[in-house]
There are 2 protein chains.
Amino acid sequence: MTTTRDKMIAGAADLMSRRGVNATSMRDVVRHTATPRGSISHHFPDGKRQLIAEAVTFAARQVSIPLEKAMNERGVIGGLRAFVASWRRHLEATGFEAGCPVLAVAVDRYIGEASDKDDETAQQHLLDLAGGVFADWRQIMHAALLREGLAADRATRLATLVVASIEGTVAMCRASRSADALDQVQEELEMILSAALARTAK
Amino acid sequence: MTTTRDKMIAGAADLMSRRGVNATSMRDVVRHTATPRGSISHHFPDGKRQLIAEAVTFAARQVSIPLEKAMNERGVIGGLRAFVASWRRHLEATGFEAGCPVLAVAVDRYIGEASDKDDETAQQHLLDLAGGVFADWRQIMHAALLREGLAADRATRLATLVVASIEGTVAMCRASRSADALDQVQEELEMILSAALARTAK
DNA sequence: CACCAACTATGTCAAGCGTCATAGTGTGGT
DNA sequence: ACCACACTATGACGCTTGACATAGTTGGTG
């Protein structure tokens, strides 16, 4: 059974990935998830900022857990394919409406409260959260590359390239309402990774 | 002399790149640019949507014109270096506050008016605009790669990879308030491009 | 000077927002 | 039966937003 709280978090993540952070109101979330409006301040006493934060970490795990699993079970190339395939599924299932909620937080800064230093620290808390998620994803990729014998610095660079290019591609695919860019990036990344791994195998 | 209209457009592009589309109000724009509030509806009779659209095309040219010039004058590798360097300058000059306003439009959908079909078509107009800008940038890269002898389909894929990865990297750098990711991606992209070009030179 | 068009100043409006307060409902333990 | 306790319903608040209306101000031309 999914609790009201969980439904709110998942719904917030979904709406944020479609429209952005500021275009997603708490009233939208309760409408979209058919949850009681009065429960918001009960489950999220720190308000919208807390809901956003929980939505980001929820969405982050939704990505990182299968990613890590695929990297372990199928190796770097297979893991990359699974990673890209899950994004493609997500894009196509929503008619290219939904993207990545973490990117949404990184790009669309939530505006709440006044200009006090509270604001600034809380702002950076959300931004740091998004940065930490990206770092997690890069780290998973990095570890998988190391496991297949790549040098550490090369693995770092390639992990960043993979995460950044896929994140950018998903946004571009939304804009063009087509998965073409994803196909192209996938093919190039596969070539790059297998070339890098082949070199170490020699 | 920059007119009021131009100042508004540039200011809107700047604010959008920092906070996102919906977090940028028209009142913010006039505050930020010290322009008269009453002139908004005069210069932009179609309202906020028009201002956003003009800000996007303004920012797009600000990128594509130097990009095309650098690609023509310095070749693909030099052009890539100039492209990355301009983004790095932009990030560092703003303390990693400002990113790409085109990505902002692609991720953070502007919410105006009711749910009528007007809304939907106008929404897609902005999204198409962003998609067209990305297509432009990819096309510039594509042409430069062709000019150096690459096969058409490979050039298409590499152009997409370059634009997507840099766009994603800029967002990630904002989140981590560091240009490290940009360094890493730049180095990898340079290696990939020179390898691809060297192969055709054989 | 008069005139007209382009532009600006200022106020108002309805709608939506996040947040809070208060009252109501259910449910498990004793 | 009773009572805490977690949860929900509903309304109100202060505020900001985009849009609009109306009056005032320029500046160039005849």
# chains A, B, ... in the order shown; residues from 1 in each chain; ligands from 1
call {"tool": "residues_around", "arguments": {"residues": "DT10 in chain C", "least_positions_apart": "3", "cutoff": "10 Å", "atoms": "only C-alpha atoms (C1' of nucleotides)", "output": "list in words"}}
result
Arg37 and Gly38 of chain B; DT22, DA23 and DG24 of chain D
call {"tool": "write_last_selection", "arguments": {"atoms": "C-alpha atoms (C1' of nucleotides)", "output": "PDB file, in the first residue's frame"}}
result
ATOM      1  CA  ARG B  37       6.999  48.814 -16.056  1.00  0.00           C
ATOM      2  CA  GLY B  38       4.400  50.551 -18.147  1.00  0.00           C
TER       3      GLY B  38
ATOM      4  C1'  DT D  22      -6.071  55.493 -18.158  1.00  0.00           C
ATOM      5  C1'  DA D  23      -3.578  59.523 -17.784  1.00  0.00           C
ATOM      6  C1'  DG D  24       0.693  61.817 -18.494  1.00  0.00           C
TER       7       DG D  24
END
call {"tool": "residues_around", "arguments": {"residues": "DG18 in chain D", "least_positions_apart": "3", "cutoff": "10 Å", "atoms": "only C-alpha atoms (C1' of nucleotides)", "output": "PDB file with C-alpha atoms (C1' of nucleotides), in the first residue's frame"}}
result
ATOM      1  CA  SER B  25       8.390  37.711 -13.233  1.00  0.00           C
ATOM      2  CA  MET B  26       7.977  40.676 -15.500  1.00  0.00           C
ATOM      3  CA  ARG B  27       8.248  42.888 -12.456  1.00  0.00           C
ATOM      4  CA  GLY B  47       2.650  39.474 -22.913  1.00  0.00           C
ATOM      5  CA  LYS B  48       5.132  37.381 -21.084  1.00  0.00           C
ATOM      6  CA  GLY B 112      -0.030  31.091 -18.554  1.00  0.00           C
ATOM      7  CA  GLU B 113      -3.686  31.349 -19.372  1.00  0.00           C
TER       8      GLU B 113
ATOM      9  C1'  DA C  15      -6.551  34.644 -10.000  1.00  0.00           C
TER      10       DA C  15
END
call {"tool": "closest_atom_pairs", "arguments": {"of": "range 43-98 of chain B", "to": "range 172-193 of chain B", "cutoff": "10 Å", "atoms": "only C-alpha atoms", "output": "CSV"}}
result
residue,atom,partner,partner_atom,distance
B:Val76,CA,B:Leu193,CA,8.0
B:Ile77,CA,B:Glu190,CA,6.5
B:Gly78,CA,B:Glu190,CA,9.4
B:Leu80,CA,B:Glu190,CA,7.7
B:Arg81,CA,B:Gln186,CA,7.6
B:Phe83,CA,B:Gln186,CA,9.8
B:Val84,CA,B:Gln186,CA,6.9
B:Ala85,CA,B:Leu182,CA,9.3
B:Trp87,CA,B:Leu182,CA,8.9
B:Arg88,CA,B:Ala179,CA,7.0
B:Arg89,CA,B:Ala179,CA,9.9
B:Leu91,CA,B:Arg174,CA,7.5
B:Glu92,CA,B:Ala179,CA,8.0
B:Gly95,CA,B:Arg177,CA,7.5
B:Phe96,CA,B:Arg174,CA,5.0
B:Glu97,CA,B:Arg174,CA,6.5
B:Ala98,CA,B:Arg174,CA,7.5
call {"tool": "select_by_dssp", "arguments": {"residues": "chain A", "states": "alpha helix (DSSP H)", "output": "PyMOL selection string"}}
result
chain A and resi 4-19+26-33+40-43+48-93+101-107+117-147+152-176+180-201
call {"tool": "interface_residues", "arguments": {"of": "chain B", "to": "chain C", "cutoff": "12 Å", "atoms": "only C-alpha atoms (C1' of nucleotides)", "output": "list of chain:residue names"}}
result
B:Thr3, B:Thr4, B:Arg5, B:Thr35, B:Pro36, B:Arg37, B:Gly38, B:Ser39, B:Ile40, B:Ser41, B:His42, B:His43, B:Ile111, B:Gly112, B:Glu113, B:Ala114
call {"tool": "atom_distance", "arguments": {"atom1": "CA of Thr24 in chain A", "atom2": "CA of Ala130 in chain A"}}
result
17.4 Å
call {"tool": "residues_around", "arguments": {"residues": "range 53-62 of chain B", "least_positions_apart": "4", "cutoff": "9 Å", "atoms": "only C-alpha atoms (C1' of nucleotides)", "output": "mmCIF file with N, CA and C atoms, in the first residue's frame"}}
result
data_model
loop_
_atom_site.group_PDB
_atom_site.id
_atom_site.type_symbol
_atom_site.label_atom_id
_atom_site.label_comp_id
_atom_site.auth_asym_id
_atom_site.auth_seq_id
_atom_site.Cartn_x
_atom_site.Cartn_y
_atom_site.Cartn_z
ATOM 1 N N MET B 8 15.172 44.995 -21.830
ATOM 2 C CA MET B 8 14.228 44.045 -21.242
ATOM 3 C C MET B 8 14.502 42.623 -21.722
ATOM 4 N N ILE B 9 14.761 42.483 -23.005
ATOM 5 C CA ILE B 9 15.009 41.149 -23.547
ATOM 6 C C ILE B 9 16.267 40.544 -22.932
ATOM 7 N N ALA B 10 17.331 41.345 -22.899
ATOM 8 C CA ALA B 10 18.575 40.817 -22.336
ATOM 9 C C ALA B 10 18.403 40.498 -20.856
ATOM 10 N N GLY B 11 17.704 41.379 -20.149
ATOM 11 C CA GLY B 11 17.491 41.131 -18.726
ATOM 12 C C GLY B 11 16.651 39.894 -18.486
ATOM 13 N N ALA B 12 15.639 39.712 -19.320
ATOM 14 C CA ALA B 12 14.810 38.517 -19.178
ATOM 15 C C ALA B 12 15.637 37.267 -19.430
ATOM 16 N N ALA B 13 16.483 37.309 -20.458
ATOM 17 C CA ALA B 13 17.324 36.144 -20.749
ATOM 18 C C ALA B 13 18.242 35.852 -19.574
ATOM 19 N N ASP B 14 18.794 36.894 -19.005
ATOM 20 C CA ASP B 14 19.699 36.699 -17.874
ATOM 21 C C ASP B 14 18.964 36.095 -16.685
ATOM 22 N N MET B 16 16.139 34.479 -16.608
ATOM 23 C CA MET B 16 15.680 33.132 -16.911
ATOM 24 C C MET B 16 16.813 32.129 -16.783
ATOM 25 N N LYS B 48 3.913 38.044 -21.567
ATOM 26 C CA LYS B 48 5.132 37.381 -21.084
ATOM 27 C C LYS B 48 5.642 36.351 -22.083
ATOM 28 N N ARG B 49 4.735 35.640 -22.690
ATOM 29 C CA ARG B 49 5.164 34.613 -23.636
ATOM 30 C C ARG B 49 6.037 35.220 -24.733
ATOM 31 N N PRO B 66 29.018 33.544 -32.411
ATOM 32 C CA PRO B 66 30.434 33.275 -32.126
ATOM 33 C C PRO B 66 30.820 31.828 -32.383
ATOM 34 N N LEU B 67 29.880 30.927 -32.149
ATOM 35 C CA LEU B 67 30.194 29.512 -32.377
ATOM 36 C C LEU B 67 30.505 29.264 -33.848
ATOM 37 N N CYS B 100 21.987 28.186 -19.035
ATOM 38 C CA CYS B 100 21.522 28.398 -20.390
ATOM 39 C C CYS B 100 20.019 28.657 -20.400
ATOM 40 N N PRO B 101 19.596 29.816 -20.886
ATOM 41 C CA PRO B 101 18.160 30.129 -20.885
ATOM 42 C C PRO B 101 17.362 29.236 -21.814
ATOM 43 N N VAL B 102 18.001 28.691 -22.829
ATOM 44 C CA VAL B 102 17.279 27.802 -23.741
ATOM 45 C C VAL B 102 16.926 26.500 -23.020
ATOM 46 N N VAL B 105 13.977 27.030 -20.825
ATOM 47 C CA VAL B 105 12.677 26.964 -21.492
ATOM 48 C C VAL B 105 12.294 25.516 -21.791
ATOM 49 N N HIS B 125 4.755 26.297 -28.975
ATOM 50 C CA HIS B 125 5.526 27.287 -29.710
ATOM 51 C C HIS B 125 6.835 27.581 -28.999
ATOM 52 N N LEU B 126 6.782 27.765 -27.688
ATOM 53 C CA LEU B 126 8.008 28.014 -26.932
ATOM 54 C C LEU B 126 8.914 26.799 -26.943
ATOM 55 N N LEU B 129 10.560 26.463 -30.177
ATOM 56 C CA LEU B 129 11.618 27.457 -30.292
ATOM 57 C C LEU B 129 12.902 26.916 -29.685
ATOM 58 N N ALA B 130 12.798 26.384 -28.478
ATOM 59 C CA ALA B 130 13.989 25.822 -27.827
ATOM 60 C C ALA B 130 14.547 24.672 -28.653
ATOM 61 N N VAL B 133 16.493 25.964 -31.534
ATOM 62 C CA VAL B 133 17.806 26.494 -31.164
ATOM 63 C C VAL B 133 18.810 25.368 -31.012
ATOM 64 N N PHE B 134 18.394 24.319 -30.313
ATOM 65 C CA PHE B 134 19.306 23.171 -30.177
ATOM 66 C C PHE B 134 19.653 22.611 -31.557
ATOM 67 N N ASP B 136 19.775 24.213 -34.319
ATOM 68 C CA ASP B 136 20.726 25.139 -34.951
ATOM 69 C C ASP B 136 22.149 24.858 -34.505
ATOM 70 N N TRP B 137 22.311 24.765 -33.202
ATOM 71 C CA TRP B 137 23.657 24.563 -32.672
ATOM 72 C C TRP B 137 24.228 23.246 -33.171
#
call {"tool": "atom_distance", "arguments": {"atom1": "CA of Leu146 in chain B", "atom2": "CA of Gly79 in chain B"}}
result
13.9 Å
call {"tool": "interface_residues", "arguments": {"of": "chain D", "to": "chain B", "cutoff": "9 Å", "atoms": "only C-alpha atoms (C1' of nucleotides)", "output": "list in words"}}
result
DT17, DG18, DA19 and DC20 of chain D
call {"tool": "closest_atom_pairs", "arguments": {"of": "chain A", "to": "chain B", "cutoff": "7 Å", "atoms": "only C-alpha atoms", "output": "CSV"}}
result
residue,atom,partner,partner_atom,distance
A:Arg19,CA,B:Arg109,CA,5.0
A:Gly20,CA,B:Asp108,CA,4.3
A:Asn22,CA,B:Asn22,CA,5.9
A:Ala23,CA,B:Asn22,CA,6.4
A:Ala104,CA,B:Val107,CA,6.1
A:Ala106,CA,B:Ala175,CA,5.7
A:Val107,CA,B:Ala104,CA,6.1
A:Asp108,CA,B:Gly20,CA,4.3
A:Arg109,CA,B:Arg19,CA,5.0
A:Ile111,CA,B:Ala23,CA,6.5
A:Leu127,CA,B:Ala175,CA,5.4
A:Asp128,CA,B:Ala175,CA,6.2
A:Ala130,CA,B:Ala175,CA,6.2
A:Gly131,CA,B:Ala175,CA,4.6
A:Arg157,CA,B:Gln184,CA,4.8
A:Thr160,CA,B:Ala181,CA,6.4
A:Leu161,CA,B:Val185,CA,5.4
A:Ala164,CA,B:Gly168,CA,4.5
A:Ser165,CA,B:Ser165,CA,3.5
A:Glu167,CA,B:Gly168,CA,5.5
A:Gly168,CA,B:Gly168,CA,4.1
A:Thr169,CA,B:Ala164,CA,5.1
A:Ala171,CA,B:Ala106,CA,6.4
A:Met172,CA,B:Gly131,CA,6.6
A:Ala175,CA,B:Gly131,CA,4.6
A:Ser176,CA,B:Gly131,CA,5.0
A:Ala181,CA,B:Thr160,CA,6.4
A:Gln184,CA,B:Arg157,CA,4.8
A:Val185,CA,B:Leu161,CA,5.4
A:Glu188,CA,B:Arg157,CA,6.7
call {"tool": "write_last_selection", "arguments": {"atoms": "N, CA and C atoms", "output": "PDB file, in the first residue's frame"}}
result
ATOM      1  N   ARG A  19       6.852  19.944 -15.739  1.00  0.00           N
ATOM      2  CA  ARG A  19       6.639  21.369 -15.891  1.00  0.00           C
ATOM      3  C   ARG A  19       7.701  22.213 -15.226  1.00  0.00           C
ATOM      4  N   GLY A  20       8.523  21.618 -14.378  1.00  0.00           N
ATOM      5  CA  GLY A  20       9.473  22.406 -13.617  1.00  0.00           C
ATOM      6  C   GLY A  20       8.998  22.607 -12.192  1.00  0.00           C
ATOM      7  N   ASN A  22       8.756  25.504 -10.191  1.00  0.00           N
ATOM      8  CA  ASN A  22       7.870  26.613  -9.847  1.00  0.00           C
ATOM      9  C   ASN A  22       6.510  26.514 -10.523  1.00  0.00           C
ATOM     10  N   ALA A  23       6.439  25.774 -11.596  1.00  0.00           N
ATOM     11  CA  ALA A  23       5.156  25.585 -12.263  1.00  0.00           C
ATOM     12  C   ALA A  23       4.342  24.473 -11.622  1.00  0.00           C
ATOM     13  N   ALA A 104      15.474  19.507 -13.339  1.00  0.00           N
ATOM     14  CA  ALA A 104      14.526  20.599 -13.120  1.00  0.00           C
ATOM     15  C   ALA A 104      14.921  21.422 -11.906  1.00  0.00           C
ATOM     16  N   ALA A 106      17.919  21.687 -10.717  1.00  0.00           N
ATOM     17  CA  ALA A 106      19.185  22.362 -10.987  1.00  0.00           C
ATOM     18  C   ALA A 106      18.974  23.611 -11.835  1.00  0.00           C
ATOM     19  N   VAL A 107      17.941  23.607 -12.663  1.00  0.00           N
ATOM     20  CA  VAL A 107      17.750  24.699 -13.617  1.00  0.00           C
ATOM     21  C   VAL A 107      16.733  25.716 -13.118  1.00  0.00           C
ATOM     22  N   ASP A 108      15.695  25.246 -12.465  1.00  0.00           N
ATOM     23  CA  ASP A 108      14.556  26.083 -12.097  1.00  0.00           C
ATOM     24  C   ASP A 108      14.558  26.254 -10.594  1.00  0.00           C
ATOM     25  N   ARG A 109      15.123  27.338 -10.129  1.00  0.00           N
ATOM     26  CA  ARG A 109      15.293  27.495  -8.692  1.00  0.00           C
ATOM     27  C   ARG A 109      13.998  27.885  -8.020  1.00  0.00           C
ATOM     28  N   ILE A 111      11.569  29.550  -5.625  1.00  0.00           N
ATOM     29  CA  ILE A 111      11.535  30.852  -4.985  1.00  0.00           C
ATOM     30  C   ILE A 111      10.523  30.806  -3.859  1.00  0.00           C
ATOM     31  N   LEU A 127      19.904  22.958  -4.224  1.00  0.00           N
ATOM     32  CA  LEU A 127      20.876  22.859  -5.312  1.00  0.00           C
ATOM     33  C   LEU A 127      21.929  21.806  -4.991  1.00  0.00           C
ATOM     34  N   ASP A 128      22.377  21.801  -3.748  1.00  0.00           N
ATOM     35  CA  ASP A 128      23.353  20.795  -3.341  1.00  0.00           C
ATOM     36  C   ASP A 128      22.775  19.394  -3.455  1.00  0.00           C
ATOM     37  N   ALA A 130      20.606  18.376  -5.651  1.00  0.00           N
ATOM     38  CA  ALA A 130      20.688  17.994  -7.064  1.00  0.00           C
ATOM     39  C   ALA A 130      22.123  17.668  -7.449  1.00  0.00           C
ATOM     40  N   GLY A 131      23.052  18.491  -6.979  1.00  0.00           N
ATOM     41  CA  GLY A 131      24.454  18.223  -7.283  1.00  0.00           C
ATOM     42  C   GLY A 131      24.904  16.887  -6.720  1.00  0.00           C
ATOM     43  N   ARG A 157      36.475  11.048 -16.137  1.00  0.00           N
ATOM     44  CA  ARG A 157      36.034  11.882 -17.261  1.00  0.00           C
ATOM     45  C   ARG A 157      34.901  11.227 -18.027  1.00  0.00           C
ATOM     46  N   THR A 160      31.537  11.376 -16.160  1.00  0.00           N
ATOM     47  CA  THR A 160      30.917  12.692 -16.263  1.00  0.00           C
ATOM     48  C   THR A 160      30.311  12.898 -17.642  1.00  0.00           C
ATOM     49  N   LEU A 161      31.065  12.487 -18.654  1.00  0.00           N
ATOM     50  CA  LEU A 161      30.550  12.662 -20.018  1.00  0.00           C
ATOM     51  C   LEU A 161      29.242  11.903 -20.216  1.00  0.00           C
ATOM     52  N   ALA A 164      26.339  13.592 -18.114  1.00  0.00           N
ATOM     53  CA  ALA A 164      25.992  14.916 -18.629  1.00  0.00           C
ATOM     54  C   ALA A 164      25.339  14.816 -19.997  1.00  0.00           C
ATOM     55  N   SER A 165      25.872  13.979 -20.864  1.00  0.00           N
ATOM     56  CA  SER A 165      25.316  13.934 -22.214  1.00  0.00           C
ATOM     57  C   SER A 165      23.923  13.332 -22.207  1.00  0.00           C
ATOM     58  N   GLU A 167      21.787  13.422 -19.696  1.00  0.00           N
ATOM     59  CA  GLU A 167      20.911  14.422 -19.077  1.00  0.00           C
ATOM     60  C   GLU A 167      20.565  15.524 -20.092  1.00  0.00           C
ATOM     61  N   GLY A 168      21.554  15.986 -20.809  1.00  0.00           N
ATOM     62  CA  GLY A 168      21.292  17.000 -21.826  1.00  0.00           C
ATOM     63  C   GLY A 168      20.442  16.468 -22.960  1.00  0.00           C
ATOM     64  N   THR A 169      20.689  15.239 -23.341  1.00  0.00           N
ATOM     65  CA  THR A 169      19.938  14.673 -24.455  1.00  0.00           C
ATOM     66  C   THR A 169      18.460  14.516 -24.106  1.00  0.00           C
ATOM     67  N   ALA A 171      16.702  16.334 -22.175  1.00  0.00           N
ATOM     68  CA  ALA A 171      16.060  17.646 -22.302  1.00  0.00           C
ATOM     69  C   ALA A 171      15.866  18.012 -23.768  1.00  0.00           C
ATOM     70  N   MET A 172      16.858  17.735 -24.595  1.00  0.00           N
ATOM     71  CA  MET A 172      16.729  18.059 -26.014  1.00  0.00           C
ATOM     72  C   MET A 172      15.638  17.235 -26.679  1.00  0.00           C
ATOM     73  N   ALA A 175      12.351  18.757 -26.086  1.00  0.00           N
ATOM     74  CA  ALA A 175      12.095  19.941 -26.895  1.00  0.00           C
ATOM     75  C   ALA A 175      11.718  19.570 -28.323  1.00  0.00           C
ATOM     76  N   SER A 176      12.349  18.523 -28.849  1.00  0.00           N
ATOM     77  CA  SER A 176      12.068  18.158 -30.245  1.00  0.00           C
ATOM     78  C   SER A 176      11.009  17.070 -30.349  1.00  0.00           C
ATOM     79  N   ALA A 181      17.818  12.115 -30.952  1.00  0.00           N
ATOM     80  CA  ALA A 181      19.058  12.528 -30.306  1.00  0.00           C
ATOM     81  C   ALA A 181      19.543  11.447 -29.343  1.00  0.00           C
ATOM     82  N   GLN A 184      21.315   8.735 -31.246  1.00  0.00           N
ATOM     83  CA  GLN A 184      22.639   9.156 -31.704  1.00  0.00           C
ATOM     84  C   GLN A 184      23.637   9.150 -30.560  1.00  0.00           C
ATOM     85  N   VAL A 185      23.226   9.702 -29.434  1.00  0.00           N
ATOM     86  CA  VAL A 185      24.151   9.766 -28.302  1.00  0.00           C
ATOM     87  C   VAL A 185      24.460   8.371 -27.787  1.00  0.00           C
ATOM     88  N   GLU A 188      27.115   6.746 -30.059  1.00  0.00           N
ATOM     89  CA  GLU A 188      28.456   7.297 -29.859  1.00  0.00           C
ATOM     90  C   GLU A 188      29.040   6.871 -28.524  1.00  0.00           C
TER      91      GLU A 188
END
